Amino acid sequence: MSDKAGCAMDSFLFTLLLVFAIALGGRDQLTVAHFSDALGRSGSLLALGIAASAASAALMAWAGASLAAILPSRAAEMLVAFALAIAAAELAWPARVKRPAEPTRSLGAIAIVVLARQVGDAARFAVFAFAAEAVYPVVTVIGGAIGGGAAIALGWYAGGARLARFPLRAMRLALAALLFVAALFIGLNARYMVW
């Protein structure tokens with residue numbers, strides 16, 4: 001396997017696993033879980049959640065790769081550090097989602113809500129960061145879409161009541177601390193990189 005193929009596989013796997021882990025307990029997952037409780041586990045709800053995950057991953061990967069392409073390499077490294085620091089801050093912020101009193105049955109409205117909650121959340125900032133560093137940014141789109149879609153599917157299947165039993169808040173705080181440390185090291189590496 002060539003070095004580029006190995007890097008592409010690494011980017012795909014890291015993005016998939018990290019996005020799945022970060023999306024657990026996220027606003028998009030909780031939103032889909034609440035709608036699943038209120039409206040039932042319809043296939044169309046699951047499909048639109050997965051489609052929103054793919055669209056938000058594609059948008060953030062495109063933004064990360066495009067921005068990194070026009071920056072010098074040290075600035076691109078700092079961009080990755082900032083993206084991970086923003087993801088850490090968003091993870092640390094409590095994810096509170098109100099249960100809909102009278103949920104809409106409009107799939108278009110639900111898709112807009114889910115997509116709005118995904119764009120700019122911690123998981124999508126991780127996609128942004130990986131795409132900025134990836135040899136082939138398209139693999140981060142695929143990994144981010146699958147990881148985010150898997151988290152949505154778990155929320156859809158479990159529903160809000162079952163998700164509430166898991167220690168998602170503690171897990172999100174631990175991940176926030178790890179992302180902050182990673183951002184710090186990447187930022188220091190970029191700052192003191194010798195050319």
# chains A, B, ... in the order shown; residues from 1 in each chain; ligands from 1
$ residues_around --residues "range 12-28 of chain A" --least-positions-apart "4" --cutoff "8 Å" --atoms "only C-alpha atoms" --output "count of residues only"
33
$ closest_residue --among "A:Tyr157, A:Ala51, A:Gly120, A:Glu133" --to "Asp10 in chain A" --atoms "only C-alpha atoms"
A:Glu133
$ select_by_dssp --residues "chain A" --states "helix (DSSP H, G or I)" --output "MDAnalysis selection string"
chainID A and resid 3:23 27:39 43:69 73:92 107:118 122:133 137:163 168:191
$ atom_distance --atom1 "CA of Ile70 in chain A" --atom2 "CA of Ala132 in chain A"
10.6 Å
$ residues_around --residues "Ser66 in chain A" --least-positions-apart "3" --cutoff "10 Å" --atoms "only C-alpha atoms" --output "list in words"
Met60, Ala61, Trp62, Ala63, Ala69, Ile70, Leu71, Phe128, Ala131, Ala132 and Pro137 of chain A
$ residues_around --residues "range 34-45 of chain A" --least-positions-apart "4" --cutoff "7 Å" --atoms "only C-alpha atoms" --output "ChimeraX atom specification"
/A:30,49,99,103,156-157,159-160
$ write_last_selection --atoms "all heavy atoms" --output "PDB file, in the first residue's frame"
ATOM      1  N   LEU A  30     -29.711  14.137  19.790  1.00  0.00           N
ATOM      2  CA  LEU A  30     -30.823  14.276  20.737  1.00  0.00           C
ATOM      3  C   LEU A  30     -32.098  14.733  20.028  1.00  0.00           C
ATOM      4  O   LEU A  30     -33.201  14.290  20.370  1.00  0.00           O
ATOM      5  CB  LEU A  30     -30.447  15.260  21.845  1.00  0.00           C
ATOM      6  CG  LEU A  30     -29.293  14.818  22.762  1.00  0.00           C
ATOM      7  CD1 LEU A  30     -28.941  15.923  23.741  1.00  0.00           C
ATOM      8  CD2 LEU A  30     -29.645  13.536  23.496  1.00  0.00           C
ATOM      9  N   GLY A  49     -32.011  12.208   8.576  1.00  0.00           N
ATOM     10  CA  GLY A  49     -30.915  12.442   9.523  1.00  0.00           C
ATOM     11  C   GLY A  49     -29.571  12.060   8.938  1.00  0.00           C
ATOM     12  O   GLY A  49     -28.578  12.779   9.082  1.00  0.00           O
ATOM     13  N   ARG A  99     -37.570  18.863  24.382  1.00  0.00           N
ATOM     14  CA  ARG A  99     -38.439  17.867  23.754  1.00  0.00           C
ATOM     15  C   ARG A  99     -39.607  18.606  23.101  1.00  0.00           C
ATOM     16  O   ARG A  99     -40.247  19.435  23.738  1.00  0.00           O
ATOM     17  CB  ARG A  99     -38.958  16.910  24.821  1.00  0.00           C
ATOM     18  CG  ARG A  99     -39.716  15.723  24.276  1.00  0.00           C
ATOM     19  CD  ARG A  99     -40.152  14.814  25.419  1.00  0.00           C
ATOM     20  NE  ARG A  99     -39.011  14.288  26.153  1.00  0.00           N
ATOM     21  CZ  ARG A  99     -38.367  13.178  25.824  1.00  0.00           C
ATOM     22  NH1 ARG A  99     -38.740  12.497  24.763  1.00  0.00           N
ATOM     23  NH2 ARG A  99     -37.347  12.756  26.540  1.00  0.00           N
ATOM     24  N   PRO A 103     -44.563  18.015  18.053  1.00  0.00           N
ATOM     25  CA  PRO A 103     -43.566  17.962  16.983  1.00  0.00           C
ATOM     26  C   PRO A 103     -44.183  18.094  15.602  1.00  0.00           C
ATOM     27  O   PRO A 103     -45.270  17.599  15.344  1.00  0.00           O
ATOM     28  CB  PRO A 103     -42.925  16.588  17.163  1.00  0.00           C
ATOM     29  CG  PRO A 103     -43.945  15.789  17.882  1.00  0.00           C
ATOM     30  CD  PRO A 103     -44.710  16.745  18.747  1.00  0.00           C
ATOM     31  N   TRP A 156     -31.870   7.638  16.717  1.00  0.00           N
ATOM     32  CA  TRP A 156     -33.166   7.258  16.140  1.00  0.00           C
ATOM     33  C   TRP A 156     -33.661   5.951  16.753  1.00  0.00           C
ATOM     34  O   TRP A 156     -34.829   5.818  17.110  1.00  0.00           O
ATOM     35  CB  TRP A 156     -33.006   7.122  14.628  1.00  0.00           C
ATOM     36  CG  TRP A 156     -34.156   6.528  13.903  1.00  0.00           C
ATOM     37  CD1 TRP A 156     -35.284   7.169  13.473  1.00  0.00           C
ATOM     38  CD2 TRP A 156     -34.297   5.161  13.483  1.00  0.00           C
ATOM     39  NE1 TRP A 156     -36.116   6.290  12.819  1.00  0.00           N
ATOM     40  CE2 TRP A 156     -35.530   5.049  12.815  1.00  0.00           C
ATOM     41  CE3 TRP A 156     -33.496   4.029  13.614  1.00  0.00           C
ATOM     42  CZ2 TRP A 156     -35.982   3.858  12.276  1.00  0.00           C
ATOM     43  CZ3 TRP A 156     -33.950   2.836  13.073  1.00  0.00           C
ATOM     44  CH2 TRP A 156     -35.167   2.765  12.418  1.00  0.00           C
ATOM     45  N   TYR A 157     -32.765   4.996  16.901  1.00  0.00           N
ATOM     46  CA  TYR A 157     -33.144   3.694  17.435  1.00  0.00           C
ATOM     47  C   TYR A 157     -33.409   3.740  18.939  1.00  0.00           C
ATOM     48  O   TYR A 157     -34.390   3.187  19.427  1.00  0.00           O
ATOM     49  CB  TYR A 157     -32.049   2.658  17.132  1.00  0.00           C
ATOM     50  CG  TYR A 157     -32.369   1.298  17.696  1.00  0.00           C
ATOM     51  CD1 TYR A 157     -33.316   0.486  17.083  1.00  0.00           C
ATOM     52  CD2 TYR A 157     -31.747   0.845  18.846  1.00  0.00           C
ATOM     53  CE1 TYR A 157     -33.642  -0.755  17.605  1.00  0.00           C
ATOM     54  CE2 TYR A 157     -32.060  -0.394  19.377  1.00  0.00           C
ATOM     55  CZ  TYR A 157     -33.010  -1.178  18.759  1.00  0.00           C
ATOM     56  OH  TYR A 157     -33.328  -2.406  19.287  1.00  0.00           O
ATOM     57  N   GLY A 159     -33.910   6.453  21.033  1.00  0.00           N
ATOM     58  CA  GLY A 159     -34.882   7.420  21.537  1.00  0.00           C
ATOM     59  C   GLY A 159     -34.297   8.206  22.702  1.00  0.00           C
ATOM     60  O   GLY A 159     -33.251   7.845  23.262  1.00  0.00           O
ATOM     61  N   GLY A 160     -34.966   9.275  23.062  1.00  0.00           N
ATOM     62  CA  GLY A 160     -34.455  10.169  24.094  1.00  0.00           C
ATOM     63  C   GLY A 160     -34.362   9.545  25.475  1.00  0.00           C
ATOM     64  O   GLY A 160     -33.417   9.791  26.219  1.00  0.00           O
TER      65      GLY A 160
END
$ atom_distance --atom1 "CA of Ala33 in chain A" --atom2 "CA of Gly155 in chain A"
4.6 Å
$ atom_distance --atom1 "CA of Ala92 in chain A" --atom2 "CA of Phe166 in chain A"
16.7 Å
$ residues_around --residues "Ala75 in chain A" --least-positions-apart "4" --cutoff "12 Å" --atoms "only C-alpha atoms" --output "PDB file with N, CA and C atoms, in the first residue's frame"
ATOM      1  N   LEU A  67      -9.919  26.296   2.664  1.00  0.00           N
ATOM      2  CA  LEU A  67      -9.196  27.303   3.443  1.00  0.00           C
ATOM      3  C   LEU A  67      -7.737  26.914   3.633  1.00  0.00           C
ATOM      4  N   ALA A  68      -7.491  25.638   3.912  1.00  0.00           N
ATOM      5  CA  ALA A  68      -6.114  25.180   4.105  1.00  0.00           C
ATOM      6  C   ALA A  68      -5.302  25.296   2.820  1.00  0.00           C
ATOM      7  N   ALA A  69      -5.951  25.149   1.658  1.00  0.00           N
ATOM      8  CA  ALA A  69      -5.240  25.202   0.375  1.00  0.00           C
ATOM      9  C   ALA A  69      -4.689  26.590   0.071  1.00  0.00           C
ATOM     10  N   ILE A  70      -5.302  27.638   0.600  1.00  0.00           N
ATOM     11  CA  ILE A  70      -4.834  28.993   0.297  1.00  0.00           C
ATOM     12  C   ILE A  70      -3.911  29.558   1.373  1.00  0.00           C
ATOM     13  N   LEU A  71      -3.689  28.783   2.432  1.00  0.00           N
ATOM     14  CA  LEU A  71      -2.843  29.255   3.529  1.00  0.00           C
ATOM     15  C   LEU A  71      -1.460  28.625   3.457  1.00  0.00           C
ATOM     16  N   LEU A  79      -4.824  26.639  11.727  1.00  0.00           N
ATOM     17  CA  LEU A  79      -6.246  26.495  11.411  1.00  0.00           C
ATOM     18  C   LEU A  79      -6.791  25.197  12.000  1.00  0.00           C
ATOM     19  N   VAL A  80      -6.039  24.118  11.858  1.00  0.00           N
ATOM     20  CA  VAL A  80      -6.442  22.830  12.428  1.00  0.00           C
ATOM     21  C   VAL A  80      -6.532  22.944  13.946  1.00  0.00           C
ATOM     22  N   ALA A  81      -5.536  23.582  14.562  1.00  0.00           N
ATOM     23  CA  ALA A  81      -5.547  23.751  16.022  1.00  0.00           C
ATOM     24  C   ALA A  81      -6.765  24.551  16.476  1.00  0.00           C
ATOM     25  N   PHE A  82      -7.073  25.638  15.768  1.00  0.00           N
ATOM     26  CA  PHE A  82      -8.247  26.444  16.129  1.00  0.00           C
ATOM     27  C   PHE A  82      -9.540  25.647  15.953  1.00  0.00           C
ATOM     28  N   ALA A 132      -8.685  19.705   6.441  1.00  0.00           N
ATOM     29  CA  ALA A 132      -7.619  20.686   6.245  1.00  0.00           C
ATOM     30  C   ALA A 132      -6.246  20.018   6.193  1.00  0.00           C
ATOM     31  N   GLU A 133      -6.117  18.856   6.820  1.00  0.00           N
ATOM     32  CA  GLU A 133      -4.837  18.151   6.865  1.00  0.00           C
ATOM     33  C   GLU A 133      -4.764  16.958   5.920  1.00  0.00           C
ATOM     34  N   ILE A 186      -0.907  20.722  18.541  1.00  0.00           N
ATOM     35  CA  ILE A 186      -0.826  21.079  17.121  1.00  0.00           C
ATOM     36  C   ILE A 186      -0.498  22.557  16.967  1.00  0.00           C
ATOM     37  N   GLY A 187      -1.109  23.399  17.804  1.00  0.00           N
ATOM     38  CA  GLY A 187      -0.824  24.832  17.755  1.00  0.00           C
ATOM     39  C   GLY A 187       0.615  25.148  18.127  1.00  0.00           C
ATOM     40  N   LEU A 188       1.132  24.498  19.174  1.00  0.00           N
ATOM     41  CA  LEU A 188       2.529  24.722  19.570  1.00  0.00           C
ATOM     42  C   LEU A 188       3.487  24.209  18.503  1.00  0.00           C
ATOM     43  N   ASN A 189       3.146  23.092  17.897  1.00  0.00           N
ATOM     44  CA  ASN A 189       3.981  22.552  16.815  1.00  0.00           C
ATOM     45  C   ASN A 189       4.027  23.525  15.638  1.00  0.00           C
ATOM     46  N   ALA A 190       2.870  24.099  15.299  1.00  0.00           N
ATOM     47  CA  ALA A 190       2.833  25.058  14.189  1.00  0.00           C
ATOM     48  C   ALA A 190       3.590  26.326  14.551  1.00  0.00           C
ATOM     49  N   ARG A 191       3.462  26.759  15.777  1.00  0.00           N
ATOM     50  CA  ARG A 191       4.095  28.011  16.216  1.00  0.00           C
ATOM     51  C   ARG A 191       5.613  27.908  16.220  1.00  0.00           C
ATOM     52  N   TYR A 192       6.123  26.779  16.668  1.00  0.00           N
ATOM     53  CA  TYR A 192       7.577  26.640  16.808  1.00  0.00           C
ATOM     54  C   TYR A 192       8.188  25.712  15.773  1.00  0.00           C
ATOM     55  N   MET A 193       7.468  25.471  14.681  1.00  0.00           N
ATOM     56  CA  MET A 193       7.977  24.631  13.610  1.00  0.00           C
ATOM     57  C   MET A 193       9.203  25.289  12.970  1.00  0.00           C
TER      58      MET A 193
END
